[in-house]
Amino acid sequence: MLSEPRSGRLAAWGNALLAGLVSPDDAVLAIVGEDAVHRVEGLPGEPAPVGLTLALGRLRALGVDGLRLALPAPGHPLGLSGPPEFNARALEAEEAVVCSGAAWGLVPEVSEAGPPGDVRVEVVWHCLPVRSAPPADVPSLGEAERELAEALRDATEVLTRLDVAGSGPVAESAIDAYRARASASRGRGVLAPGYPARAVRVLELAQRVGALVSLAGGVGPGGAVSASEMSARAAALRPVERTGRRAQVAAYNSVVEERGVG
């Protein structure tokens with residue numbers, strides 16, 4: 001999980017744009033990334049989908065003064081505030097952006113087309129009403145940083161106990177890939193202008209935790225030789241994964257929380 005969620009990019013660069021720290025063109029370029037195009041559907045007053053530049057300007061005109069990330073999972077509506085219809089759509093996408101200053105939220109719908117090696121990715125952001133309420137279960141940056149230190153220890157202990165490193169060439173290759181990606185990520189640009197250094201540090205640690213959880217869950221049975229032992233591995237890693245997601249949300253939302261917006 002070393003890549004950014006699309007909702008994270010939209011929240012981070014949207015916040016930088018709202019704060020006047022980047023131009024609309026630079027913000028949109030960063031949000032779209034390697035995708036072909038992003039559009040926003042359902043904006044008040046817009047009968048058809050519009051481009052991101054117009055959409056961000058319209059949201060500002062509607063009173064939006066900050067963007068928060070949500071990364072919900074089954075049983076854990078992280079960053080959401082309702083109503084149920086919005087929460088259900090965000091849970092299906094596993095991510096969303098919740099506006100502050102105006103009761104709207106954005107959920108991405110991703111589609112791909114084209115032959116292998118030339119796949120075109122398009123994203124439609126569905127703009128939907130949300131409930132004006134505090135987002136669920138989002139820690140402060142300080143809380144997230146403390147929790148991450150413990151989560152990294154827990155993840156390492158689980159990997160060692162389950163002998164993932166000794167589970168064969170597939171696992172060995174995955175571990176080597178993780179180490180290379182983690183090394184490459186150190187010091188690279190993350191988030192957007194206006195975010196404090198602590199938020200960048202917390203996000204990088206959260207991404208490392210997510211990568212470790214993905215590694216442990218995706219390289220095969222490892223030391224587990226039965227279904228019950230594989231279930232035990234998943235149960236042991238679940239709180240670690242949860243901590244990593246909470247920390248990601250804390251990092252992306254930090255500038256909004258520090259301003260006391262919404």
# chains A, B, ... in the order shown; residues from 1 in each chain; ligands from 1
>>> residues_around(residues="Arg6 (chain A)", least_positions_apart="6", cutoff="12 Å", atoms="only C-alpha atoms", output="PDB file with C-alpha atoms, in the first residue's frame")
ATOM      1  CA  ALA A  12      -4.485  16.697  -0.394  1.00  0.00           C
ATOM      2  CA  TRP A  13      -4.239  18.732  -3.592  1.00  0.00           C
ATOM      3  CA  GLY A  14      -7.759  20.062  -3.213  1.00  0.00           C
ATOM      4  CA  VAL A  28      -5.692  18.815 -11.285  1.00  0.00           C
ATOM      5  CA  ALA A  30      -1.489  15.939  -9.436  1.00  0.00           C
ATOM      6  CA  ILE A  31      -4.961  14.552  -8.709  1.00  0.00           C
ATOM      7  CA  VAL A  32      -5.347  12.843 -12.088  1.00  0.00           C
ATOM      8  CA  GLY A  33      -1.847  11.352 -11.934  1.00  0.00           C
ATOM      9  CA  GLU A  34      -1.485   8.522 -14.443  1.00  0.00           C
ATOM     10  CA  ASP A  35      -5.220   8.269 -15.128  1.00  0.00           C
ATOM     11  CA  HIS A  38     -11.363  12.615 -14.057  1.00  0.00           C
ATOM     12  CA  LEU A  69     -10.262  11.532   3.286  1.00  0.00           C
ATOM     13  CA  ALA A  70     -12.343   8.503   4.298  1.00  0.00           C
ATOM     14  CA  LEU A  71     -11.032   4.920   4.024  1.00  0.00           C
ATOM     15  CA  ALA A  93     -15.343   1.989  -3.336  1.00  0.00           C
ATOM     16  CA  GLU A  94     -13.265   1.613  -0.120  1.00  0.00           C
ATOM     17  CA  GLU A  95     -12.577   5.356  -0.199  1.00  0.00           C
ATOM     18  CA  ALA A  96     -14.236   8.768  -0.402  1.00  0.00           C
ATOM     19  CA  VAL A  97     -13.726  12.485   0.119  1.00  0.00           C
ATOM     20  CA  LEU A 106     -17.279  12.552  -3.444  1.00  0.00           C
ATOM     21  CA  VAL A 107     -16.937   8.846  -4.216  1.00  0.00           C
ATOM     22  CA  PRO A 108     -14.786   7.620  -7.135  1.00  0.00           C
ATOM     23  CA  GLU A 109     -15.958   5.128  -9.734  1.00  0.00           C
ATOM     24  CA  VAL A 110     -13.031   3.755 -11.754  1.00  0.00           C
ATOM     25  CA  GLU A 122     -11.168   7.007 -16.332  1.00  0.00           C
ATOM     26  CA  VAL A 123     -12.605   8.171 -13.009  1.00  0.00           C
ATOM     27  CA  VAL A 124     -16.044   9.590 -12.336  1.00  0.00           C
ATOM     28  CA  TRP A 125     -16.462  11.233  -8.927  1.00  0.00           C
ATOM     29  CA  LEU A 191       0.841  14.814   0.213  1.00  0.00           C
ATOM     30  CA  TYR A 252      -4.431  13.518   4.824  1.00  0.00           C
TER      31      TYR A 252
END
>>> closest_residue(among="A:Pro47, A:Gly210, A:Gly66, A:Pro139", to="Val255 (chain A)", atoms="only C-alpha atoms")
A:Gly66
>>> closest_residue(among="A:Asn87, A:Ser100, A:Ser81, A:Asn15", to="Val64 (chain A)", atoms="only C-alpha atoms")
A:Ser100
>>> residues_around(residues="Ala151 (chain A)", least_positions_apart="4", cutoff="10 Å", atoms="only C-alpha atoms", output="list in words")
Glu145, Arg146, Glu147, Ala155, Thr156, Glu157, Leu205, Ala206, Val209, Leu237, Pro239, Val240, Glu241, Arg242, Thr243 and Gly244 of chain A
